[in-house]
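Participant: My structure is in structure14.cif, and what it holds is mmCIF, C-alpha atoms:
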```
data_entry
#
loop_
_atom_site.label_atom_id
_atom_site.label_comp_id
_atom_site.auth_asym_id
_atom_site.auth_seq_id
_atom_site.Cartn_x
_atom_site.Cartn_y
_atom_site.Cartn_z
CA MET A 218 -8.09 -29.57 -45.38
CA ALA A 219 -5.12 -28.26 -47.33
CA SER A 220 -1.76 -28.97 -45.84
CA LEU A 221 0.33 -26.26 -44.23
CA LYS A 222 2.82 -26.30 -47.08
CA GLU A 223 0.10 -25.82 -49.68
CA LEU A 224 -1.40 -22.90 -47.78
CA LYS A 225 1.98 -21.26 -47.43
CA ASP A 226 2.53 -21.51 -51.18
CA ARG A 227 -0.90 -20.05 -51.94
CA ILE A 228 -0.21 -17.10 -49.68
CA ALA A 229 3.15 -16.48 -51.34
CA SER A 230 1.62 -16.61 -54.80
CA VAL A 231 -1.22 -14.23 -53.93
CA GLN A 232 1.33 -11.90 -52.37
CA SER A 233 3.39 -11.74 -55.54
CA THR A 234 0.24 -11.15 -57.60
CA GLN A 235 -0.59 -8.29 -55.29
CA LYS A 236 2.85 -6.82 -55.80
CA ILE A 237 2.34 -6.88 -59.56
CA THR A 238 -1.11 -5.30 -59.48
CA LYS A 239 0.17 -2.67 -57.08
CA ALA A 240 3.04 -1.83 -59.41
CA MET A 241 0.71 -1.72 -62.42
CA GLN A 242 -1.57 0.63 -60.57
CA MET A 243 1.26 3.00 -59.82
CA VAL A 244 2.55 2.89 -63.38
CA ALA A 245 -0.97 3.58 -64.65
CA ALA A 246 -1.27 6.52 -62.28
CA ALA A 247 1.94 8.04 -63.61
CA LYS A 248 0.93 7.44 -67.21
CA LEU A 249 -2.53 8.78 -66.55
CA ARG A 250 -1.15 12.12 -65.50
CA ARG A 251 0.86 12.38 -68.69
CA ALA A 252 -2.05 11.26 -70.85
CA GLN A 253 -4.34 13.72 -69.16
CA GLU A 254 -1.90 16.57 -69.75
CA ALA A 255 -1.64 15.61 -73.41
CA ALA A 256 -5.41 15.49 -73.75
CA GLU A 257 -5.75 18.88 -72.15
CA ALA A 258 -2.98 20.36 -74.28
CA SER A 259 -4.73 19.31 -77.45
CA ARG A 260 -8.05 20.80 -76.47
CA PRO A 261 -7.46 24.44 -77.53
CA TYR A 262 -6.70 23.38 -81.09
CA ALA A 263 -9.74 21.14 -81.43
CA GLU A 264 -12.00 23.72 -79.85
CA ARG A 265 -10.83 26.55 -82.10
CA MET A 266 -11.13 24.32 -85.10
CA SER A 267 -14.71 23.29 -84.44
CA LYS A 268 -15.66 26.85 -83.57
CA VAL A 269 -14.37 28.20 -86.86
CA ILE A 270 -16.00 25.36 -88.78
CA ALA A 271 -19.30 25.87 -87.01
CA ASN A 272 -19.07 29.54 -87.87
CA LEU A 273 -18.37 28.91 -91.51
CA ALA A 274 -20.82 26.05 -91.78
CA THR A 275 -23.83 27.97 -90.55
CA GLY A 276 -23.17 30.51 -93.27
CA ILE A 277 -22.77 27.97 -96.00
CA ALA A 278 -25.19 25.18 -95.03
CA GLY A 279 -28.08 24.63 -97.35
CA GLN A 280 -26.28 26.01 -100.35
CA ASP A 281 -25.82 23.77 -103.35
CA GLY A 282 -22.07 23.99 -103.44
CA ALA A 283 -21.60 22.84 -99.84
CA PRO A 284 -18.67 20.44 -99.50
CA LEU A 285 -19.50 16.75 -99.31
CA LEU A 286 -17.69 16.37 -95.99
CA LEU A 287 -20.14 18.85 -94.51
CA ALA A 288 -23.39 17.92 -96.21
CA GLY A 289 -22.74 14.23 -96.79
CA ASN A 290 -23.06 12.62 -100.18
CA GLY A 291 -26.79 12.21 -99.80
CA ARG A 292 -26.73 8.46 -99.37
CA ASN A 293 -27.06 6.46 -96.21
CA GLU A 294 -26.17 2.95 -97.30
CA THR A 295 -22.66 2.08 -96.22
CA HIS A 296 -21.36 2.92 -92.78
CA LEU A 297 -17.75 2.96 -91.67
CA LEU A 298 -17.20 2.46 -87.96
CA ILE A 299 -13.79 3.45 -86.65
CA VAL A 300 -13.37 1.68 -83.32
CA ALA A 301 -10.55 3.03 -81.18
CA THR A 302 -9.49 0.83 -78.27
CA ALA A 303 -6.31 0.07 -76.36
CA GLU A 304 -3.41 -2.14 -77.36
CA ARG A 305 -3.29 -3.84 -73.99
CA GLY A 306 -5.74 -5.51 -71.71
CA LEU A 307 -5.95 -5.59 -67.92
CA CYS A 308 -7.84 -2.36 -67.77
CA GLY A 309 -11.24 -3.42 -66.50
CA GLY A 310 -14.19 -3.00 -68.81
CA PHE A 311 -12.47 -0.36 -70.93
CA ASN A 312 -12.00 -2.28 -74.17
CA SER A 313 -15.11 -4.39 -73.91
CA SER A 314 -17.44 -1.45 -73.29
CA ILE A 315 -16.21 0.35 -76.42
CA ALA A 316 -16.47 -2.84 -78.42
CA ARG A 317 -19.96 -3.51 -77.08
CA LEU A 318 -21.17 -0.07 -78.10
CA ALA A 319 -19.69 -0.53 -81.57
CA ARG A 320 -21.16 -4.00 -81.91
CA GLU A 321 -24.64 -2.87 -80.93
CA HIS A 322 -24.38 -0.04 -83.40
CA ALA A 323 -23.22 -2.39 -86.16
CA LEU A 324 -26.00 -4.89 -85.50
CA LYS A 325 -28.61 -2.16 -85.48
CA LEU A 326 -27.38 -0.84 -88.82
CA GLN A 327 -27.34 -4.32 -90.28
CA ALA A 328 -30.89 -4.90 -89.10
CA GLU A 329 -31.83 -1.81 -91.07
CA GLY A 330 -30.31 -3.39 -94.14
CA LYS A 331 -27.21 -1.19 -94.29
CA THR A 332 -23.70 -2.29 -95.13
CA VAL A 333 -21.21 -1.94 -92.29
CA LYS A 334 -17.44 -1.74 -92.46
CA ILE A 335 -15.26 -1.62 -89.38
CA LEU A 336 -11.79 -0.14 -89.03
CA CYS A 337 -10.14 -0.98 -85.73
CA ILE A 338 -7.51 1.12 -84.02
CA GLY A 339 -5.84 -1.05 -81.40
CA LYS A 340 -5.79 -4.81 -81.40
CA LYS A 341 -7.94 -5.34 -78.32
CA GLY A 342 -10.93 -3.93 -80.13
CA ARG A 343 -10.33 -6.24 -83.05
CA ASP A 344 -10.11 -9.25 -80.74
CA ALA A 345 -13.37 -8.31 -79.06
CA LEU A 346 -15.23 -7.70 -82.31
CA LYS A 347 -13.80 -10.64 -84.22
CA ARG A 348 -16.28 -13.18 -82.90
CA HIS A 349 -19.51 -11.37 -83.79
CA CYS A 350 -18.59 -9.16 -86.68
CA GLY A 351 -15.24 -10.54 -87.85
CA GLU A 352 -16.19 -10.44 -91.52
CA LEU A 353 -16.96 -6.73 -91.27
CA ILE A 354 -13.50 -5.71 -90.11
CA ILE A 355 -11.60 -4.32 -93.07
CA ASP A 356 -8.36 -3.55 -91.28
CA THR A 357 -6.66 -2.86 -87.98
CA VAL A 358 -4.32 0.02 -87.25
CA ASP A 359 -1.64 -1.15 -84.86
CA LEU A 360 -0.26 1.53 -82.59
CA SER A 361 1.46 -0.81 -80.14
CA ALA A 362 4.87 0.43 -81.25
CA GLU A 363 4.03 4.01 -80.28
CA ARG A 364 4.83 5.09 -76.75
CA SER A 365 2.40 7.95 -76.94
CA VAL A 366 -0.11 9.02 -79.56
CA ARG A 367 1.26 11.49 -82.07
CA PHE A 368 -0.70 13.64 -84.44
CA ALA A 369 0.86 11.83 -87.38
CA ASN A 370 -0.84 8.58 -86.26
CA ALA A 371 -4.22 10.24 -86.27
CA ALA A 372 -3.50 11.95 -89.58
CA ASP A 373 -2.75 8.58 -91.18
CA VAL A 374 -6.11 7.19 -90.09
CA GLY A 375 -7.85 10.40 -91.08
CA ASN A 376 -6.33 10.48 -94.55
CA ARG A 377 -7.25 6.89 -95.05
CA ALA A 378 -10.87 7.53 -94.13
CA LEU A 379 -10.91 10.54 -96.45
CA ALA A 380 -9.49 8.55 -99.34
CA MET A 381 -12.14 5.88 -98.80
CA PHE A 382 -14.85 8.52 -98.66
CA GLU A 383 -13.69 10.08 -101.89
CA ALA A 384 -13.61 6.67 -103.51
CA GLY A 385 -17.23 6.23 -102.44
CA GLU A 386 -16.52 3.26 -100.21
CA PHE A 387 -18.77 4.54 -97.43
CA ASP A 388 -21.36 7.25 -96.85
CA ILE A 389 -21.27 7.88 -93.14
CA CYS A 390 -18.36 7.50 -90.76
CA THR A 391 -18.70 7.14 -87.01
CA LEU A 392 -15.89 7.08 -84.48
CA PHE A 393 -16.09 5.02 -81.29
CA PHE A 394 -13.90 5.87 -78.33
CA SER A 395 -14.08 6.40 -74.61
CA ARG A 396 -14.50 9.90 -73.28
CA PHE A 397 -12.49 10.64 -70.18
CA HIS A 398 -14.51 12.14 -67.35
CA SER A 399 -12.45 11.12 -64.34
CA VAL A 400 -10.33 8.27 -63.08
CA ILE A 401 -13.39 6.23 -62.21
CA ALA A 402 -15.73 7.41 -64.95
CA GLN A 403 -15.09 6.82 -68.62
CA GLU A 404 -17.92 6.86 -71.08
CA PRO A 405 -17.91 4.97 -74.36
CA THR A 406 -18.97 7.45 -77.00
CA ALA A 407 -19.97 7.38 -80.65
CA LYS A 408 -19.19 10.45 -82.69
CA GLN A 409 -20.12 11.04 -86.29
CA LEU A 410 -17.12 12.22 -88.30
CA ILE A 411 -18.38 12.33 -91.86
CA PRO A 412 -20.50 14.27 -92.58
CA VAL A 413 -19.41 16.63 -89.86
CA GLU A 414 -21.75 17.05 -86.95
CA ILE A 415 -21.97 20.71 -86.20
CA THR A 416 -22.19 21.16 -82.49
CA ALA A 417 -24.35 24.23 -82.24
CA ALA A 418 -22.11 26.87 -80.76
CA GLU A 419 -23.79 27.32 -77.42
CA GLY A 420 -23.87 30.63 -75.74
CA GLU A 421 -22.24 32.45 -78.64
CA ASP A 422 -20.30 34.20 -75.94
CA THR A 423 -17.23 35.03 -77.96
CA GLY A 424 -19.17 37.29 -80.24
CA LEU A 425 -17.62 35.43 -83.14
CA ALA A 426 -20.86 34.36 -84.74
CA GLY A 427 -22.17 37.05 -86.95
CA ALA A 428 -18.97 39.05 -86.63
CA ALA A 429 -18.06 40.50 -89.96
CA TYR A 430 -15.13 38.30 -90.87
CA ASP A 431 -12.98 38.73 -93.88
CA TYR A 432 -12.17 35.41 -95.46
CA GLU A 433 -9.00 34.75 -97.33
CA PRO A 434 -9.55 32.89 -99.65
CA ASP A 435 -13.37 32.71 -99.63
CA GLU A 436 -15.49 30.61 -97.26
CA THR A 437 -15.90 27.62 -99.53
CA GLU A 438 -12.18 27.25 -100.07
CA ILE A 439 -11.37 27.62 -96.40
CA LEU A 440 -13.96 25.00 -95.56
CA ALA A 441 -12.56 22.69 -98.22
CA ASP A 442 -9.19 23.08 -96.53
CA LEU A 443 -10.41 22.79 -92.96
CA LEU A 444 -12.86 19.91 -93.16
CA PRO A 445 -10.34 17.19 -94.07
CA ARG A 446 -8.02 18.51 -91.40
CA ASN A 447 -10.85 18.47 -88.91
CA VAL A 448 -11.32 14.72 -89.41
CA SER A 449 -7.73 14.08 -88.35
CA VAL A 450 -7.99 16.49 -85.45
CA GLN A 451 -11.14 14.78 -84.19
CA ILE A 452 -9.48 11.37 -84.42
CA PHE A 453 -6.41 12.71 -82.66
CA SER A 454 -8.35 14.13 -79.75
CA ALA A 455 -10.38 10.92 -79.53
CA LEU A 456 -7.16 8.89 -79.34
CA LEU A 457 -5.83 11.13 -76.59
CA GLU A 458 -9.07 10.86 -74.61
CA ASN A 459 -8.86 7.12 -75.13
CA ALA A 460 -5.30 6.98 -73.81
CA ALA A 461 -6.30 8.86 -70.67
CA SER A 462 -9.39 6.69 -70.21
CA GLU A 463 -7.37 3.51 -70.64
CA GLN A 464 -4.94 4.48 -67.91
CA GLY A 465 -7.77 5.61 -65.67
CA ALA A 466 -9.62 2.34 -66.16
CA ARG A 467 -6.45 0.33 -65.57
CA MET A 468 -5.71 2.28 -62.44
CA SER A 469 -9.07 1.58 -60.86
CA ALA A 470 -9.07 -2.05 -62.06
CA MET A 471 -5.63 -2.62 -60.53
CA ASP A 472 -6.64 -0.82 -57.36
CA SER A 473 -9.53 -3.20 -56.78
CA ALA A 474 -7.35 -6.17 -57.77
CA THR A 475 -4.83 -5.13 -55.13
CA ARG A 476 -7.58 -4.80 -52.57
CA ASN A 477 -9.00 -8.22 -53.46
CA ALA A 478 -5.58 -9.79 -53.14
CA GLY A 479 -5.24 -8.21 -49.70
CA GLU A 480 -8.54 -9.72 -48.58
CA MET A 481 -7.55 -13.08 -49.92
CA ILE A 482 -4.22 -13.00 -48.08
CA GLU A 483 -6.04 -12.20 -44.85
CA LYS A 484 -8.39 -15.14 -45.28
CA LEU A 485 -5.61 -17.52 -46.22
CA THR A 486 -3.47 -16.42 -43.30
CA LEU A 487 -6.37 -17.07 -40.95
CA THR A 488 -6.84 -20.59 -42.33
CA TYR A 489 -3.10 -21.14 -42.16
CA ASN A 490 -2.93 -20.19 -38.48
CA ARG A 491 -5.96 -22.31 -37.61
CA THR A 492 -4.50 -25.31 -39.39
CA ARG A 493 -1.18 -24.80 -37.64
CA GLN A 494 -2.88 -24.71 -34.24
CA ALA A 495 -4.92 -27.82 -35.07
CA VAL A 496 -1.74 -29.64 -35.99
CA ILE A 497 -0.06 -28.64 -32.72
CA THR A 498 -3.11 -29.68 -30.68
CA LYS A 499 -3.20 -33.03 -32.46
CA GLU A 500 0.47 -33.67 -31.74
CA LEU A 501 0.02 -32.78 -28.05
CA ILE A 502 -2.92 -35.15 -27.73
CA GLU A 503 -0.88 -37.89 -29.31
CA ILE A 504 2.05 -37.34 -26.94
CA ILE A 505 -0.17 -37.15 -23.84
CA SER A 506 -2.22 -40.20 -24.69
CA GLY A 507 1.01 -42.05 -25.50
CA ALA A 508 2.44 -41.13 -22.10
CA GLU A 509 -0.78 -42.18 -20.32
CA ALA A 510 -0.75 -45.59 -21.99
CA LEU A 511 2.62 -46.42 -20.45
CA MET B 132 2.40 51.51 -79.54
CA ALA B 133 0.68 51.11 -76.24
CA ASP B 134 -1.63 48.34 -77.35
CA LYS B 135 -0.35 44.83 -77.59
CA LEU B 136 -1.71 41.97 -79.60
CA ALA B 137 -2.65 38.73 -77.85
CA PHE B 138 -1.00 36.05 -79.95
CA GLU B 139 -1.54 32.33 -79.58
CA LEU B 140 0.18 29.64 -81.58
CA VAL B 141 -1.50 26.26 -81.22
CA SER B 142 -0.49 22.92 -82.68
CA PRO B 143 -2.62 19.79 -82.42
CA GLU B 144 -0.32 18.50 -79.71
CA LYS B 145 -0.04 21.56 -77.52
CA LEU B 146 -0.23 25.30 -77.02
CA LEU B 147 3.14 26.42 -78.32
CA MET B 148 3.08 30.09 -77.57
CA SER B 149 0.80 32.49 -75.82
CA ALA B 150 2.09 36.01 -75.48
CA GLU B 151 1.38 39.69 -75.80
CA VAL B 152 3.34 41.01 -78.74
CA ASP B 153 3.60 44.09 -80.93
CA MET B 154 3.14 42.59 -84.35
CA VAL B 155 2.90 39.26 -86.11
CA VAL B 156 3.43 38.71 -89.82
CA VAL B 157 1.43 35.71 -90.99
CA PRO B 158 2.10 33.83 -94.25
CA GLY B 159 -1.46 33.74 -95.59
CA SER B 160 -2.24 31.59 -98.59
CA GLU B 161 -3.05 34.73 -100.57
CA GLY B 162 -0.07 36.70 -99.35
CA ASP B 163 1.64 37.64 -96.11
CA PHE B 164 -0.18 39.98 -93.82
CA GLY B 165 0.88 41.79 -90.71
CA VAL B 166 -1.41 41.80 -87.69
CA LEU B 167 -1.34 44.57 -85.13
CA SER B 168 -3.76 44.97 -82.27
CA GLY B 169 -7.17 46.15 -83.42
CA HIS B 170 -6.92 44.32 -86.74
CA ALA B 171 -10.22 43.61 -88.51
CA PRO B 172 -11.54 40.05 -87.99
CA VAL B 173 -10.05 37.73 -90.60
CA VAL B 174 -9.95 34.01 -91.16
CA SER B 175 -7.22 32.90 -93.50
CA THR B 176 -5.56 29.65 -94.42
CA LEU B 177 -1.77 29.53 -94.30
CA ARG B 178 0.77 28.42 -96.78
CA PRO B 179 3.96 26.80 -95.55
CA GLY B 180 6.13 29.68 -94.45
CA VAL B 181 7.56 31.66 -91.60
CA ILE B 182 5.62 33.55 -88.96
CA ASP B 183 7.48 36.64 -87.80
CA VAL B 184 6.71 37.69 -84.28
CA SER B 185 8.13 41.00 -83.13
CA ASP B 186 7.92 42.34 -79.65
CA ASP B 187 9.91 45.28 -78.25
CA GLY B 188 12.54 44.92 -80.92
CA ARG B 189 12.93 41.22 -80.20
CA ALA B 190 11.91 38.93 -83.00
CA ALA B 191 10.99 35.27 -83.16
CA ARG B 192 10.65 33.36 -86.38
CA ILE B 193 8.56 30.24 -86.48
CA PHE B 194 8.20 27.97 -89.44
CA VAL B 195 4.71 26.57 -89.96
CA ARG B 196 3.59 23.97 -92.39
CA GLY B 197 0.05 24.96 -93.25
CA GLY B 198 -2.83 25.63 -90.92
CA PHE B 199 -5.00 28.63 -90.48
CA ALA B 200 -5.06 31.95 -88.71
CA GLU B 201 -7.96 33.64 -87.05
CA VAL B 202 -8.00 37.28 -86.08
CA THR B 203 -10.72 38.28 -83.64
CA PRO B 204 -11.15 41.48 -81.66
CA ALA B 205 -9.57 39.51 -78.80
CA GLY B 206 -6.38 38.71 -80.67
CA LEU B 207 -4.70 36.44 -83.16
CA THR B 208 -4.80 32.66 -83.03
CA VAL B 209 -2.71 30.59 -85.39
CA LEU B 210 -3.59 26.91 -85.66
CA ALA B 211 -0.52 25.36 -87.20
CA GLU B 212 -0.18 21.81 -88.37
CA ASP B 213 3.51 21.63 -87.66
CA ALA B 214 5.51 24.45 -86.11
CA LEU B 215 9.25 24.86 -85.68
CA ASN B 216 10.93 27.68 -83.83
CA LEU B 217 13.80 28.70 -86.09
CA ALA B 218 15.93 29.77 -83.15
CA GLU B 219 15.87 26.22 -81.82
CA LEU B 220 16.36 24.61 -85.15
CA ASP B 221 19.67 23.10 -86.12
CA ALA B 222 20.93 22.33 -89.56
CA GLY B 223 20.88 18.58 -89.12
CA GLU B 224 17.21 18.44 -88.27
CA LEU B 225 16.41 20.78 -91.10
CA ASP B 226 18.32 18.62 -93.56
CA GLN B 227 16.31 15.66 -92.34
CA ARG B 228 13.11 17.54 -93.01
CA ILE B 229 14.28 18.62 -96.43
CA GLN B 230 15.02 15.01 -97.20
CA ASN B 231 11.50 14.04 -96.08
CA ALA B 232 10.00 16.79 -98.17
CA ARG B 233 11.93 15.58 -101.22
CA GLU B 234 10.48 12.13 -100.71
CA ASP B 235 7.01 13.63 -100.41
CA VAL B 236 7.46 15.35 -103.75
CA ALA B 237 8.67 12.12 -105.32
CA ASP B 238 5.81 10.10 -103.83
CA ALA B 239 3.06 12.56 -104.69
CA ALA B 240 0.27 10.83 -106.54
CA ASP B 241 -1.20 13.80 -108.39
CA ASP B 242 -0.36 17.35 -109.36
CA ILE B 243 -2.13 19.00 -106.45
CA THR B 244 -0.33 17.06 -103.74
CA ARG B 245 2.93 17.43 -105.63
CA ALA B 246 2.52 21.19 -105.78
CA ALA B 247 1.80 21.29 -102.04
CA ALA B 248 4.82 19.13 -101.24
CA GLN B 249 6.97 21.22 -103.56
CA ALA B 250 5.92 24.38 -101.72
CA VAL B 251 6.98 22.83 -98.42
CA LEU B 252 10.30 21.79 -99.92
CA ASP B 253 10.97 25.23 -101.41
CA ASN B 254 10.29 26.87 -98.09
CA LEU B 255 12.54 24.54 -96.19
CA GLN B 256 15.34 25.16 -98.64
CA GLU B 257 14.83 28.88 -98.33
CA ILE B 258 15.14 28.63 -94.57
CA ARG B 259 18.19 26.41 -94.89
CA ALA B 260 19.82 29.10 -97.00
CA THR B 261 19.27 31.77 -94.36
CA LEU B 262 20.63 29.62 -91.55
#
```
What would the structure in this file look like if it were written as structure tokens?
Facilitator:
Amino acid sequence: MASLKELKDRIASVQSTQKITKAMQMVAAAKLRRAQEAAEASRPYAERMSKVIANLATGIAGQDGAPLLLAGNGRNETHLLIVATAERGLCGGFNSSIARLAREHALKLQAEGKTVKILCIGKKGRDALKRHCGELIIDTVDLSAERSVRFANAADVGNRALAMFEAGEFDICTLFFSRFHSVIAQEPTAKQLIPVEITAAEGEDTGLAGAAYDYEPDETEILADLLPRNVSVQIFSALLENAASEQGARMSAMDSATRNAGEMIEKLTLTYNRTRQAVITKELIEIISGAEAL
Amino acid sequence: MADKLAFELVSPEKLLMSAEVDMVVVPGSEGDFGVLSGHAPVVSTLRPGVIDVSDDGRAARIFVRGGFAEVTPAGLTVLAEDALNLAELDAGELDQRIQNAREDVADAADDITRAAAQAVLDNLQEIRATL
């Protein structure tokens, strides 16, 4: 049985771990609120954008002159996977579940004989993917210096993807990130960026579709202007969702860590008290039997 | 002028402005156009320029750097890439932006991007002059 001193030290160390996880949980909760607000604030822009694009696209789809970003370049050989994860760990299964989804996707594409390239955003994703598909990773975007995601960060990634697309370095681009549902539910998601996936405007409630719009300049030019911008906007909103998910995942991970530490302290304290009593009993027996022997 | 126009200015980061106003003048890429309530539905891209918002004699001027505007029967929505309220703008920040724009022009790889960067620069300098 461990000595009293050892048990005391264990208890102290678990207690300080608990203090840390507790603090991390509270920090994550505060950051989560901010991240959630940012994600919500960005929604109107992204929604408007995709609505207008969907509107324009339905009118223009199928025509010969449709922009490449909308129709694709007709090939399906090289895939670019943009994998957005966090810069830090200690957030439960957040990073690994995104990486797993991306890895499965990559392996499936490879099995079909396609070429896969991976662009990581956040170094945790790179670390997780390095072992199985390290040779596929073309680069990592490091955002660890940023305190919060700014649109410029997303625009950089977006422009880079666009430049690669124009140079013919890939045919289809898919973005991996974690969609934020609630503090305890985040869902790793794959979203096709290039060519644009038109989410059929459900409900058509706004009466926009079919409304006789005037276009200045004409539809094709507006689309040519909007589509590249849309790529950056999609990446930006994905990064914001990711930030909120990360904090949510960290919060629940740290909450259960704190609870586990509490249980452990209880168990250790029980053992400590039992050991202490055993020691006292032993000493008493020794004294009494010593006295009797005289 | 009983009817007001519902005007929303949205940037990727947040909703910047949502108000009922009398009139908004939008710098469309094919020319400025004023929007009153009941305007015909239009979708237009923007050039870098100043949005003039007037409401009850009060005016707000907001500099936008590209984006697009959408007029629906419900109102006007401007999706701006980068928006600056001129009333809150000070000369130092503007100079910084002019400096950035100059670098953009210098760094531009081809004529199209250079022309776009030049347009931004010209606009900034114009605003600087009025300040």
Participant: Once the PyMOL selection byres ((chain A) within 6 of (chain B)) is applied to the coordinates I shared, what remains selected? I want it as a PyMOL selection string.
Facilitator: chain A and resi 258-259+262+430-433
Participant: Any idea what the distance is between atom CA of B:Ser185 and atom CA of A:Asp435?
Facilitator: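 Computing it gives 28.3 Å between the two atoms.
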Participant: Please measure the separation of atom CA of A:Ser462 and atom CA of A:Val448, giving the value in Å to one decimal.
Facilitator: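 About the pair atom CA of A:Ser462 and atom CA of A:Val448: they are 20.9 Å apart.
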Participant: Could you check the closest approach to B:Ile229 for each of B:Leu207, B:Leu255, B:Val181, B:Met148 and tell me which residue wins, using only C-alpha atoms?
Facilitator: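 Smallest separation from B:Ile229 among the options: B:Leu255.
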Participant: I'd like the contact shell of stretch 238-251 of chain A - 8 Å cut-off, only C-alpha atoms, skipping same-chain residues fewer than 4 positions apart - returned as JSON, numbers by chain.
Facilitator: {"A": [234, 255, 460, 461, 464, 465, 467, 468, 469, 471, 472, 474, 475]}
Participant: In Å, rounded to a single decimal, give me how far atom CA of A:Thr406 is from atom CA of A:Gly342.
Facilitator: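 Here the two named atoms are 14.3 Å from each other.
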Participant: If we count all atoms listed in the file, what is near B:Val155 at a cut-off of 6 Å, once residues fewer than 3 positions away on the same chain are taken out, given as a list in words?
Facilitator: Gly165, Val166, Asp183 and Val184 of chain B
Participant: Given the file above and the PyMOL selection byres ((chain B and resi 194) around 9), which residues are selected, and can you give them as a ChimeraX atom specification?
Facilitator: /B:179-183,192-193,195-196,213-217,254-255,258
Participant: Please evaluate the PyMOL selection byres ((chain B and resi 169) around 8) against the displayed coordinates and give the resulting residues as a list in words.
Facilitator: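 What the PyMOL selection byres ((chain B and resi 169) around 8) grabs from the file is Leu136, Leu167, Ser168, His170, Ala171, Pro204 and Gly206 of chain B.
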Participant: Any idea what's packed within 8 Å of A:Leu360, counting all atoms listed in the file, ignoring anything in its chain fewer than 6 positions away? Could you give it as a PyMOL selection string?
Facilitator: chain A and resi 304+338-339+370
Participant: Between A:Met381, A:Val374, A:Leu353, A:Met266, which has the minimum distance to A:Asn447 (counting all atoms listed in the file)?
Facilitator: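 Among A:Met381, A:Val374, A:Leu353, A:Met266, it is A:Met266 that comes nearest to A:Asn447.
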Participant: So, counting only C-alpha atoms, which residue among B:Glu234, B:Asp153, B:Asp242, B:Asp163 is closest to B:Ala190?
Facilitator: B:Asp153
Participant: Hey, what's within 8 Å of stretch 441-443 of chain A if we count all atoms listed in the file and toss same-chain stuff fewer than 2 positions away? As a list of chain:residue names, please?
Facilitator: A:Ile270, A:Pro284, A:Thr437, A:Glu438, A:Ile439, A:Pro445, A:Arg446, A:Asn447, B:Thr176
Participant: Need to verify the contact set: B:Ala248, 8 Å, all atoms listed in the file, exclusion of same-chain residues closer than 2 positions in sequence. Can you return it as a list of chain:residue names?
Facilitator: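 So, after excluding close chain neighbours, the residues are B:Ala232, B:Arg233, B:Asp235, B:Val236, B:Ala239, B:Thr244, B:Arg245, B:Ala246, B:Ala250, B:Val251, B:Leu252.
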Participant: Build an axis-aligned box that encloses every atom of stretch 292-306 of chain A listed in the file, pad it by 8 Å on each side, and report its centre and edge lengths in Å to one decimal, as AutoDock Vina command-line options.
Facilitator:
```
--center_x -15.2 --center_y 1.5 --center_z -85.5 --size_x 39.8 --size_y 30.0 --size_z 43.7
```
Participant: Which is closer to A:Ser365 than all the others in A:Ser233, A:Ala274, A:Val269, A:Ala252, using all atoms listed in the file?
Facilitator: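 Of the candidates, the smallest distance to A:Ser365 is held by A:Ala252.
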Participant: Could you check which of A:Leu457, A:Ile315, A:Ala271, A:Ala508 is closest to A:Glu254, using only C-alpha atoms?
Facilitator: A:Leu457
Participant: Assuming the input is short of atoms at stretch 212-218 of chain B, produce N, CA, C and O atoms for that part as an mmCIF file, keeping the file's coordinate frame.
Facilitator:
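The result, stored in part_17.cif:
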```cif
data_model
loop_
_atom_site.group_PDB
_atom_site.id
_atom_site.type_symbol
_atom_site.label_atom_id
_atom_site.label_comp_id
_atom_site.auth_asym_id
_atom_site.auth_seq_id
_atom_site.Cartn_x
_atom_site.Cartn_y
_atom_site.Cartn_z
ATOM 1 N N GLU B 212 -0.260 23.266 -88.295
ATOM 2 C CA GLU B 212 -0.180 21.810 -88.370
ATOM 3 C C GLU B 212 1.132 21.334 -87.767
ATOM 4 O O GLU B 212 1.200 20.358 -87.059
ATOM 5 N N ASP B 213 2.187 22.054 -88.067
ATOM 6 C CA ASP B 213 3.510 21.630 -87.660
ATOM 7 C C ASP B 213 4.302 22.917 -87.485
ATOM 8 O O ASP B 213 4.372 23.720 -88.406
ATOM 9 N N ALA B 214 4.826 23.174 -86.326
ATOM 10 C CA ALA B 214 5.510 24.450 -86.110
ATOM 11 C C ALA B 214 6.923 24.216 -85.581
ATOM 12 O O ALA B 214 7.159 23.338 -84.762
ATOM 13 N N LEU B 215 7.856 24.994 -86.088
ATOM 14 C CA LEU B 215 9.250 24.860 -85.680
ATOM 15 C C LEU B 215 9.775 26.242 -85.350
ATOM 16 O O LEU B 215 9.682 27.143 -86.176
ATOM 17 N N ASN B 216 10.319 26.396 -84.149
ATOM 18 C CA ASN B 216 10.930 27.680 -83.830
ATOM 19 C C ASN B 216 12.320 27.712 -84.462
ATOM 20 O O ASN B 216 13.160 26.861 -84.170
ATOM 21 N N LEU B 217 12.545 28.700 -85.336
ATOM 22 C CA LEU B 217 13.800 28.700 -86.090
ATOM 23 C C LEU B 217 15.002 28.882 -85.179
ATOM 24 O O LEU B 217 16.099 28.431 -85.489
ATOM 25 N N ALA B 218 14.799 29.554 -84.052
ATOM 26 C CA ALA B 218 15.930 29.770 -83.150
ATOM 27 C C ALA B 218 16.424 28.455 -82.554
ATOM 28 O O ALA B 218 17.598 28.301 -82.239
#
```
